[in-house]
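J.: Next comes the structure file data-v8.cif, holding mmCIF, C-alpha atoms and all ligand atoms.
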data_entry
loop_
_atom_site.label_atom_id
_atom_site.label_comp_id
_atom_site.auth_asym_id
_atom_site.auth_seq_id
_atom_site.Cartn_x
_atom_site.Cartn_y
_atom_site.Cartn_z
CA MET A 1 59.34 -83.57 -116.70
CA LYS A 2 62.80 -83.94 -115.14
CA TYR A 3 65.72 -85.77 -116.69
CA SER A 4 68.54 -87.39 -114.87
CA LYS A 5 71.70 -85.57 -116.06
CA THR A 6 72.70 -82.09 -115.11
CA ARG A 7 73.38 -79.48 -117.78
CA ARG A 8 77.08 -79.52 -116.90
CA GLU A 9 77.23 -83.28 -117.44
CA VAL A 10 75.48 -82.96 -120.79
CA ILE A 11 77.82 -80.24 -122.00
CA LYS A 12 80.84 -82.19 -120.81
CA THR A 13 79.67 -85.34 -122.57
CA MET A 14 78.97 -83.48 -125.80
CA GLY A 15 82.30 -81.69 -125.68
CA ILE A 16 84.06 -85.01 -125.34
CA ALA A 17 82.05 -86.35 -128.26
CA ALA A 18 83.20 -83.59 -130.54
CA MET A 19 86.78 -84.01 -129.37
CA GLY A 20 86.91 -87.48 -130.83
CA ALA A 21 85.16 -90.21 -128.88
CA MET A 22 83.39 -92.37 -131.44
CA THR A 23 82.19 -94.70 -128.69
CA LEU A 24 80.37 -92.05 -126.71
CA PRO A 25 77.12 -92.97 -125.01
CA PHE A 26 74.45 -91.72 -127.36
CA SER A 27 71.74 -91.08 -124.79
CA TYR A 28 72.06 -87.47 -123.75
CA PHE A 29 69.60 -85.94 -121.38
CA CYS A 30 68.95 -82.34 -120.75
CA LYS A 31 67.52 -81.12 -117.46
CA ARG A 32 64.60 -79.01 -118.45
CA GLU A 33 61.14 -77.93 -117.46
CA ASP A 34 58.33 -79.46 -119.47
CA ASN A 35 57.34 -76.44 -121.46
CA ASP A 36 55.89 -77.02 -124.89
CA ILE A 37 56.24 -74.13 -127.28
CA LYS A 38 52.98 -72.34 -127.97
CA ILE A 39 53.01 -71.73 -131.67
CA ASN A 40 50.63 -69.11 -132.91
CA GLU A 41 49.54 -69.53 -136.50
CA ASN A 42 49.44 -65.75 -136.92
CA LEU A 43 53.11 -65.51 -136.00
CA ASN A 44 52.47 -63.39 -132.96
CA THR A 45 56.02 -63.77 -131.75
CA THR A 46 55.29 -62.95 -128.13
CA ASN A 47 53.78 -66.41 -127.92
CA LEU A 48 56.86 -68.04 -129.36
CA LYS A 49 59.09 -67.41 -126.37
CA LYS A 50 60.05 -70.68 -124.77
CA ASP A 51 60.02 -70.41 -121.01
CA THR A 52 63.05 -72.57 -120.35
CA LYS A 53 65.73 -72.03 -117.75
CA ASP A 54 68.10 -74.42 -119.44
CA GLU A 55 70.57 -73.90 -122.22
CA MET A 56 70.68 -75.47 -125.62
CA LEU A 57 72.97 -78.48 -125.97
CA LYS A 58 76.46 -77.48 -127.05
CA ARG A 59 79.42 -79.09 -128.78
CA ALA A 60 83.07 -78.13 -128.57
CA VAL A 61 85.04 -76.72 -131.48
CA PRO A 62 87.97 -79.15 -131.38
CA SER A 63 90.65 -76.57 -132.24
CA SER A 64 89.75 -74.34 -129.30
CA GLY A 65 87.38 -76.14 -126.94
CA GLU A 66 84.85 -73.30 -127.37
CA LEU A 67 81.33 -74.63 -126.86
CA ILE A 68 78.75 -73.68 -129.43
CA PRO A 69 75.01 -74.44 -129.46
CA VAL A 70 74.06 -77.32 -131.75
CA VAL A 71 71.37 -75.53 -133.77
CA GLY A 72 72.17 -72.42 -135.81
CA LEU A 73 70.64 -70.63 -138.79
CA GLY A 74 71.29 -70.52 -142.54
CA SER A 75 70.57 -67.36 -144.52
CA TRP A 76 70.66 -68.29 -148.23
CA GLN A 77 67.57 -66.82 -149.96
CA GLN A 78 65.78 -66.14 -146.65
CA PHE A 79 67.96 -63.11 -145.78
CA ASP A 80 68.40 -61.81 -149.33
CA VAL A 81 65.68 -59.18 -148.91
CA GLY A 82 65.15 -55.44 -149.35
CA SER A 83 64.90 -52.80 -146.67
CA SER A 84 61.11 -52.58 -146.26
CA ASP A 85 59.55 -53.46 -142.92
CA ASN A 86 57.50 -56.04 -144.71
CA ASP A 87 60.67 -57.84 -145.78
CA ARG A 88 62.62 -57.38 -142.58
CA GLU A 89 60.09 -57.74 -139.76
CA PRO A 90 59.97 -61.57 -139.87
CA LEU A 91 63.77 -61.62 -139.90
CA ARG A 92 63.97 -59.35 -136.85
CA ALA A 93 61.66 -61.81 -135.09
CA VAL A 94 63.79 -64.75 -136.26
CA LEU A 95 66.98 -63.18 -134.88
CA LYS A 96 65.44 -62.15 -131.57
CA LEU A 97 63.89 -65.56 -131.07
CA MET A 98 67.13 -67.27 -131.97
CA VAL A 99 68.96 -65.48 -129.18
CA ASP A 100 66.05 -66.12 -126.85
CA GLN A 101 66.11 -69.84 -127.65
CA GLY A 102 69.86 -70.18 -127.17
CA GLY A 103 71.03 -70.37 -130.82
CA LYS A 104 74.21 -68.60 -131.90
CA VAL A 105 75.72 -69.59 -135.26
CA ILE A 106 74.46 -67.69 -138.32
CA ASP A 107 75.85 -68.63 -141.72
CA SER A 108 76.04 -66.41 -144.79
CA SER A 109 78.05 -65.83 -147.96
CA PRO A 110 78.72 -63.13 -150.55
CA MET A 111 76.92 -65.58 -152.84
CA TYR A 112 73.65 -64.92 -150.95
CA GLY A 113 72.90 -61.49 -152.41
CA ARG A 114 72.03 -58.99 -149.66
CA SER A 115 72.12 -61.55 -146.85
CA GLU A 116 75.38 -60.41 -145.22
CA SER A 117 74.21 -56.78 -145.15
CA VAL A 118 70.78 -57.68 -143.82
CA ILE A 119 72.34 -59.76 -141.03
CA GLY A 120 74.72 -56.90 -140.20
CA ASP A 121 71.96 -54.28 -140.24
CA LEU A 122 69.49 -56.24 -138.16
CA THR A 123 71.84 -57.66 -135.54
CA SER A 124 73.27 -54.19 -134.98
CA GLU A 125 69.87 -52.46 -134.97
CA LEU A 126 68.56 -55.00 -132.44
CA GLY A 127 71.66 -54.62 -130.26
CA LEU A 128 72.36 -58.33 -130.67
CA SER A 129 75.67 -58.28 -132.56
CA ASP A 130 77.57 -59.82 -129.67
CA LYS A 131 75.07 -62.64 -129.24
CA PHE A 132 75.85 -64.32 -132.55
CA PHE A 133 78.66 -66.39 -133.97
CA PHE A 134 79.11 -64.89 -137.46
CA ALA A 135 80.07 -67.36 -140.18
CA THR A 136 80.47 -66.28 -143.76
CA LYS A 137 82.49 -67.25 -146.81
CA VAL A 138 84.92 -66.19 -149.48
CA TRP A 139 83.69 -66.98 -152.98
CA THR A 140 86.05 -65.64 -155.60
CA ARG A 141 89.43 -66.36 -157.19
CA GLY A 142 92.78 -64.78 -156.44
CA ARG A 143 94.46 -63.53 -153.28
CA GLU A 144 93.68 -59.82 -153.70
CA ASP A 145 90.06 -60.37 -154.73
CA GLY A 146 89.65 -62.78 -151.82
CA ILE A 147 91.01 -60.22 -149.36
CA SER A 148 88.83 -57.48 -150.76
CA GLN A 149 85.72 -59.69 -150.62
CA MET A 150 86.40 -60.79 -147.05
CA GLU A 151 86.94 -57.20 -145.95
CA ASP A 152 83.69 -56.30 -147.65
CA SER A 153 81.87 -59.11 -145.81
CA ALA A 154 83.18 -57.89 -142.43
CA ARG A 155 81.98 -54.37 -143.28
CA LYS A 156 78.55 -55.62 -144.35
CA MET A 157 78.17 -57.78 -141.26
CA LYS A 158 79.45 -54.87 -139.14
CA ARG A 159 82.14 -56.96 -137.47
CA ASP A 160 85.80 -56.15 -136.88
CA VAL A 161 86.48 -59.86 -136.55
CA ILE A 162 84.53 -62.57 -138.34
CA ASP A 163 84.13 -65.65 -136.16
CA LEU A 164 84.35 -68.13 -139.02
CA MET A 165 85.47 -67.47 -142.61
CA GLN A 166 84.92 -70.40 -144.97
CA VAL A 167 86.04 -71.03 -148.53
CA HIS A 168 82.72 -71.39 -150.36
CA ASN A 169 82.48 -74.52 -152.51
CA LEU A 170 86.29 -74.85 -152.43
CA VAL A 171 86.70 -72.00 -154.95
CA ASP A 172 90.47 -71.31 -155.11
CA TRP A 173 90.80 -72.87 -151.67
CA GLU A 174 94.60 -73.15 -151.64
CA THR A 175 94.99 -69.40 -152.15
CA HIS A 176 92.38 -68.43 -149.56
CA LEU A 177 93.55 -70.88 -146.90
CA GLN A 178 96.98 -69.23 -147.05
CA THR A 179 95.41 -65.83 -146.44
CA LEU A 180 93.14 -67.20 -143.73
CA ARG A 181 95.94 -68.87 -141.79
CA ALA A 182 97.69 -65.48 -141.70
CA TRP A 183 94.45 -63.67 -140.78
CA LYS A 184 93.81 -66.09 -137.93
CA LYS A 185 97.27 -65.35 -136.51
CA GLU A 186 96.56 -61.62 -136.82
CA GLY A 187 93.18 -62.05 -135.10
CA ARG A 188 91.16 -60.94 -138.13
CA VAL A 189 89.17 -64.20 -138.11
CA ARG A 190 88.75 -66.57 -135.18
CA TYR A 191 88.39 -69.73 -137.26
CA PHE A 192 88.64 -70.76 -140.91
CA GLY A 193 86.93 -73.52 -142.86
CA ILE A 194 85.85 -74.96 -146.19
CA THR A 195 82.42 -75.85 -147.57
CA THR A 196 80.48 -77.85 -150.10
CA SER A 197 76.87 -78.96 -150.52
CA GLN A 198 77.47 -81.67 -153.10
CA ASP A 199 77.86 -85.39 -152.40
CA SER A 200 80.16 -85.56 -155.44
CA VAL A 201 82.66 -83.29 -153.65
CA HIS A 202 82.70 -85.22 -150.35
CA ASP A 203 85.80 -87.27 -151.27
CA GLU A 204 87.75 -84.16 -152.24
CA ILE A 205 86.75 -82.19 -149.16
CA GLU A 206 87.60 -85.19 -146.98
CA GLU A 207 91.14 -85.22 -148.38
CA ILE A 208 91.47 -81.49 -147.67
CA VAL A 209 90.17 -81.95 -144.12
CA LYS A 210 92.77 -84.66 -143.52
CA SER A 211 95.68 -82.73 -145.04
CA GLU A 212 94.88 -79.13 -144.02
CA LYS A 213 93.00 -79.72 -140.75
CA PRO A 214 90.85 -76.58 -140.99
CA ASP A 215 89.00 -75.46 -137.86
CA PHE A 216 85.64 -76.14 -139.55
CA VAL A 217 84.21 -78.04 -142.48
CA GLN A 218 80.66 -77.46 -143.74
CA PHE A 219 78.78 -79.92 -145.92
CA ASN A 220 75.33 -81.31 -146.75
CA TYR A 221 73.88 -84.14 -144.68
CA SER A 222 70.29 -85.16 -143.98
CA ILE A 223 68.29 -88.24 -143.12
CA LYS A 224 67.63 -88.52 -146.86
CA GLU A 225 71.14 -87.69 -148.16
CA ARG A 226 73.43 -89.80 -145.98
CA ASN A 227 76.57 -89.92 -148.14
CA ALA A 228 78.57 -88.10 -145.44
CA GLU A 229 78.12 -91.14 -143.18
CA LYS A 230 80.36 -93.24 -145.46
CA SER A 231 83.57 -91.59 -144.23
CA LEU A 232 83.46 -87.77 -144.26
CA LEU A 233 81.90 -87.34 -140.82
CA LYS A 234 84.38 -89.73 -139.22
CA ALA A 235 87.29 -88.09 -141.04
CA ALA A 236 86.29 -84.70 -139.61
CA LEU A 237 86.01 -86.17 -136.13
CA ASP A 238 89.42 -87.86 -136.42
CA SER A 239 91.03 -84.69 -137.82
CA GLY A 240 89.74 -82.51 -134.99
CA THR A 241 87.65 -80.42 -137.39
CA ALA A 242 84.33 -78.94 -136.29
CA VAL A 243 81.37 -79.76 -138.57
CA LEU A 244 78.57 -77.46 -139.73
CA ILE A 245 75.75 -79.21 -141.58
CA ASN A 246 73.98 -77.43 -144.43
CA GLU A 247 70.79 -78.42 -146.25
CA PRO A 248 69.59 -80.51 -143.28
CA TYR A 249 66.09 -80.52 -144.80
CA ASP A 250 67.40 -81.20 -148.30
CA LYS A 251 66.40 -77.59 -149.12
CA GLY A 252 62.94 -78.17 -147.66
CA ASN A 253 62.19 -81.29 -149.73
CA LEU A 254 62.00 -83.52 -146.65
CA PHE A 255 58.78 -81.84 -145.60
CA SER A 256 57.08 -82.90 -148.85
CA ASP A 257 58.11 -86.50 -148.12
CA VAL A 258 56.26 -86.46 -144.77
CA LYS A 259 53.29 -84.34 -145.79
CA ASP A 260 50.16 -85.75 -144.10
CA LYS A 261 52.29 -88.38 -142.33
CA LYS A 262 52.26 -88.75 -138.55
CA LEU A 263 55.39 -88.90 -136.43
CA PRO A 264 55.96 -92.38 -135.03
CA GLU A 265 54.93 -92.62 -131.36
CA TRP A 266 58.46 -93.60 -130.32
CA ALA A 267 59.74 -90.18 -131.49
CA ALA A 268 58.53 -88.84 -128.13
CA GLU A 269 61.28 -90.91 -126.45
CA TYR A 270 63.72 -88.43 -127.96
CA ASP A 271 61.64 -85.35 -127.09
CA ILE A 272 60.74 -84.92 -130.76
CA LYS A 273 57.60 -82.87 -131.29
CA SER A 274 57.68 -82.19 -135.05
CA TRP A 275 59.08 -83.53 -138.30
CA GLY A 276 61.60 -80.70 -138.27
CA GLN A 277 62.93 -81.87 -134.93
CA PHE A 278 62.93 -85.49 -136.15
CA PHE A 279 65.17 -84.51 -139.07
CA LEU A 280 67.46 -82.25 -137.03
CA LYS A 281 67.87 -84.63 -134.10
CA TYR A 282 68.93 -87.33 -136.53
CA ILE A 283 71.79 -85.03 -137.57
CA ILE A 284 72.71 -83.57 -134.17
CA SER A 285 72.95 -87.03 -132.63
CA HIS A 286 75.90 -87.89 -134.87
CA PRO A 287 78.97 -87.36 -132.66
CA ALA A 288 80.95 -85.59 -135.40
CA VAL A 289 78.35 -82.85 -135.87
CA THR A 290 79.06 -79.55 -134.12
CA CYS A 291 76.13 -77.47 -135.39
CA VAL A 292 73.32 -77.76 -137.94
CA ILE A 293 72.24 -74.63 -139.83
CA PRO A 294 68.69 -74.95 -141.23
CA GLY A 295 67.62 -71.92 -143.27
CA THR A 296 64.40 -70.13 -142.39
CA SER A 297 62.78 -66.72 -142.42
CA ASN A 298 59.74 -67.99 -140.55
CA PRO A 299 59.71 -67.31 -136.77
CA LYS A 300 57.53 -70.35 -136.13
CA HIS A 301 59.99 -72.60 -137.98
CA LEU A 302 62.90 -70.96 -136.19
CA VAL A 303 61.46 -71.92 -132.81
CA ASP A 304 60.71 -75.41 -134.06
CA ASN A 305 64.32 -75.77 -135.25
CA MET A 306 65.85 -74.41 -132.05
CA GLY A 307 63.73 -76.89 -130.09
CA ALA A 308 65.79 -79.70 -131.62
CA GLY A 309 68.71 -78.50 -129.51
CA TYR A 310 66.97 -79.47 -126.28
CA GLY A 311 66.09 -82.76 -124.61
CA LYS A 312 67.07 -86.32 -125.34
CA LEU A 313 68.87 -87.47 -128.46
CA PRO A 314 68.66 -90.90 -130.08
CA ASP A 315 71.48 -93.40 -129.49
CA GLU A 316 73.01 -95.37 -132.34
CA ASN A 317 70.10 -97.84 -132.42
CA GLY A 318 67.64 -94.96 -132.30
CA ARG A 319 69.35 -93.31 -135.27
CA LYS A 320 69.13 -96.57 -137.21
CA LYS A 321 65.43 -96.83 -136.39
CA MET A 322 64.87 -93.24 -137.57
CA ALA A 323 66.65 -93.79 -140.89
CA GLU A 324 64.80 -97.07 -141.52
CA PHE A 325 61.49 -95.40 -140.73
CA TYR A 326 62.25 -92.55 -143.12
CA ASP A 327 63.39 -94.97 -145.87
CA LYS A 328 60.07 -96.82 -145.70
CA LEU A 329 57.87 -93.71 -145.97
N1 LIG A 401 78.11 -74.66 -150.12
C1 LIG A 401 77.65 -74.02 -149.07
O1 LIG A 401 78.40 -73.44 -148.33
C2 LIG A 401 76.18 -74.08 -148.77
C3 LIG A 401 75.28 -74.67 -149.66
C4 LIG A 401 73.94 -74.72 -149.32
C5 LIG A 401 73.51 -74.18 -148.12
N2 LIG A 401 74.40 -73.58 -147.27
C6 LIG A 401 73.95 -72.99 -145.99
O2 LIG A 401 73.11 -73.92 -145.34
C7 LIG A 401 71.87 -73.29 -145.02
C8 LIG A 401 70.75 -74.32 -145.00
O3 LIG A 401 70.50 -74.86 -146.27
P1 LIG A 401 69.20 -74.46 -147.11
O4 LIG A 401 68.60 -73.22 -146.55
O5 LIG A 401 69.59 -74.46 -148.54
O6 LIG A 401 68.23 -75.71 -146.95
P2 LIG A 401 67.49 -76.38 -145.69
O7 LIG A 401 67.94 -75.76 -144.45
O8 LIG A 401 67.67 -77.86 -145.87
O9 LIG A 401 65.96 -76.07 -145.97
C9 LIG A 401 65.45 -74.78 -145.94
C10 LIG A 401 63.95 -74.89 -146.26
O10 LIG A 401 63.28 -75.54 -145.18
C11 LIG A 401 62.19 -74.73 -144.72
N3 LIG A 401 62.13 -74.88 -143.27
C12 LIG A 401 63.06 -74.51 -142.35
N4 LIG A 401 62.69 -74.86 -141.11
C13 LIG A 401 61.48 -75.47 -141.22
C14 LIG A 401 60.59 -76.06 -140.28
N5 LIG A 401 60.87 -76.12 -138.98
N6 LIG A 401 59.40 -76.55 -140.75
C15 LIG A 401 59.11 -76.51 -142.07
N7 LIG A 401 59.92 -75.98 -143.02
C16 LIG A 401 61.11 -75.46 -142.59
C17 LIG A 401 62.53 -73.33 -145.14
O11 LIG A 401 61.36 -72.59 -145.41
P3 LIG A 401 60.92 -71.35 -144.45
O12 LIG A 401 61.85 -70.20 -144.76
O13 LIG A 401 59.51 -71.12 -144.87
O14 LIG A 401 61.04 -71.82 -143.05
C18 LIG A 401 63.29 -73.56 -146.46
O15 LIG A 401 62.39 -73.71 -147.53
C19 LIG A 401 71.73 -72.20 -146.08
O16 LIG A 401 70.77 -71.23 -145.74
C20 LIG A 401 73.15 -71.70 -146.15
O17 LIG A 401 73.42 -70.81 -145.07
C21 LIG A 401 75.73 -73.53 -147.57
#
Transcribe the structure of this file into structure tokens.
T.:
Amino acid sequence: MKYSKTRREVIKTMGIAAMGAMTLPFSYFCKREDNDIKINENLNTTNLKKDTKDEMLKRAVPSSGELIPVVGLGSWQQFDVGSSDNDREPLRAVLKLMVDQGGKVIDSSPMYGRSESVIGDLTSELGLSDKFFFATKVWTRGREDGISQMEDSARKMKRDVIDLMQVHNLVDWETHLQTLRAWKKEGRVRYFGITTSQDSVHDEIEEIVKSEKPDFVQFNYSIKERNAEKSLLKAALDSGTAVLINEPYDKGNLFSDVKDKKLPEWAAEYDIKSWGQFFLKYIISHPAVTCVIPGTSNPKHLVDNMGAGYGKLPDENGRKKMAEFYDKL
């Protein structure tokens, strides 16, 4: 199947979207071979490689113009594992496939147990450290403790420079933002941001986005939990702040809602082949969203998720239809 826009046009359009055009045309097309992913139930990862010559859709980080692929990876729980092959083999496959499928952003936190170390170990062991965009967080109080924790994170992730350092759940955010502004000037982090995963904190984080204009803001948003649509997403767009979306599957709960339910036929109009892609394309198609970070340790799910970064996206009417369909399930 061939689509009408070239990759360059798609990237340009999406970059403009993230830079602030609320009225962008919603119908994006990605030139791509018709190459369904062969998913092997036994997780034989050689069959998971998608034979595509095209790149994943990208959005621009407003503060720099850097283009980043729209689907990334979360690591809470999934990467908090021991050092046995049994624990780590699926994660090696996940990381290799992610690079293969064009994903880049991986999100962690000192709150996620061994996750930062496991990411550092595996990306370095696989020789893939330079293929990822490393995002992690500071989650403590006080300037000195914050500095020590951030240095520790860089050591664990085996990076001299962390791409994105975020203040986790706004803990002592005023202190850490001061440090991070200085660190950005010194080149110790490339970007800084703030996070939450609670609707009840959206108003507060919106005020901080407007007043502090961080490079990134990360918050929860899904087809089920749409509070961010009230004003937070638009505020981020207007403030020139890139948006990472966490809990896009409402921690996996969305899959229970659609258990034994068929995708609507019209989902194919947006190149949607699974419920996962239905949920992720709903998010990615919002013009304020820079990257969505579903968590998984399952190679098959990873490929499914990355697939949402390719092909057509719904326009505004399509998004409405998707939300109404979900609401009636
Ligand atoms: N305040 C914060 O900063 C904050 C808070 C929460 C989360 N986060 C970040 O956001 C990331 C994502 O959130 P989350 O992991 O809590 O929730 P989520 O991404 O909404 O859901 C993860 C769940 O969905 C399942 N899943 C993933 N892909 C799937 C697919 N294609 N098909 C079926 N099931 C699938 C995963 O199971 P499998 O492993 O079996 O695939 C897991 O149970 C976190 O990992 C973390 O990095 C940040």
J.: Under the rule that all atoms listed in the file are counted, which of A:Leu67, A:Ala242, A:Ile208, A:Val105 is the nearest residue to ligand LIG 401 (chain A)?
T.: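 The shortest atom-to-atom distance to ligand LIG 401 (chain A) comes from A:Val105.
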J.: Of the candidates A:Leu233, A:Leu244, A:Ala267, A:Ile284, which one gets nearest to ligand LIG 401 (chain A) if we count all atoms listed in the file?
T.: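 Going through A:Leu233, A:Leu244, A:Ala267, A:Ile284 one by one, the smallest distance to ligand LIG 401 (chain A) is for A:Leu244.
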J.: So which residues touch stretch 185-194 of chain A within 12 Å, counting all atoms listed in the file, skipping near sequence neighbours fewer than 6 positions away, as a ChimeraX atom specification?
T.: /A:61-64,66,133-139,147,150-151,153-154,159-174,176-179,201-202,204-209,212-219,236,241-245
J.: Kindly indicate which residue among A:Pro287, A:Pro294, A:Gly240, A:Gly82 lies nearest to ligand LIG 401 (chain A), using all atoms listed in the file for the distances.
T.: A:Pro294
J.: To one decimal place, how far is atom CA of A:Leu126 from atom CA of A:Leu95 in Å?
T.: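 Those two atoms sit 8.7 Å apart.
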J.: Can I get the residues close to ligand LIG 401 (chain A) as a VMD selection string, where close means within 6 Å and we count only C-alpha atoms and all ligand atoms?
T.: chain A and resid 74 to 76 78 107 to 108 168 to 169 195 to 197 246 to 252 276 293 to 298 301 304 to 305
J.: Extract, using all atoms listed in the file, all DNA, RNA and protein residues at most 12 Å from A:Lys320, discarding same-chain residues fewer than 4 positions from it, and format them as a PyMOL selection string.
T.: chain A and resi 223+226+282-283+285-286+314-316+324-327
J.: Smallest atom-to-atom distance to A:Val70: which of A:Asn220, A:Leu302, A:Ala268, A:Thr290, using all atoms listed in the file?
T.: A:Thr290
J.: Using Å and a single decimal, report how far atom CA of A:Pro69 sits from atom CA of A:Val81.
T.: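 Here the two named atoms are 26.4 Å from each other.
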J.: For atom CA of A:Asp87 and atom CA of A:Asp121, quote the distance in Å rounded to one decimal.
T.: 13.1 Å
J.: As number ranges by chain, please: the residues near A:Met98 (cut-off 8 Å, only C-alpha atoms, same-chain neighbours under 3 positions excluded).
T.: A: 94-95, 101-104, 302-303, 306
J.: I'd like the neighbourhood of A:Leu263 as a list in words, where a residue qualifies if any of its atoms comes within 10 Å (using all atoms listed in the file), though same-chain residues fewer than 5 positions away should be ignored.
T.: Val258, Ala268, Ile272, Lys273, Ser274, Trp275, Phe278 and Phe325 of chain A
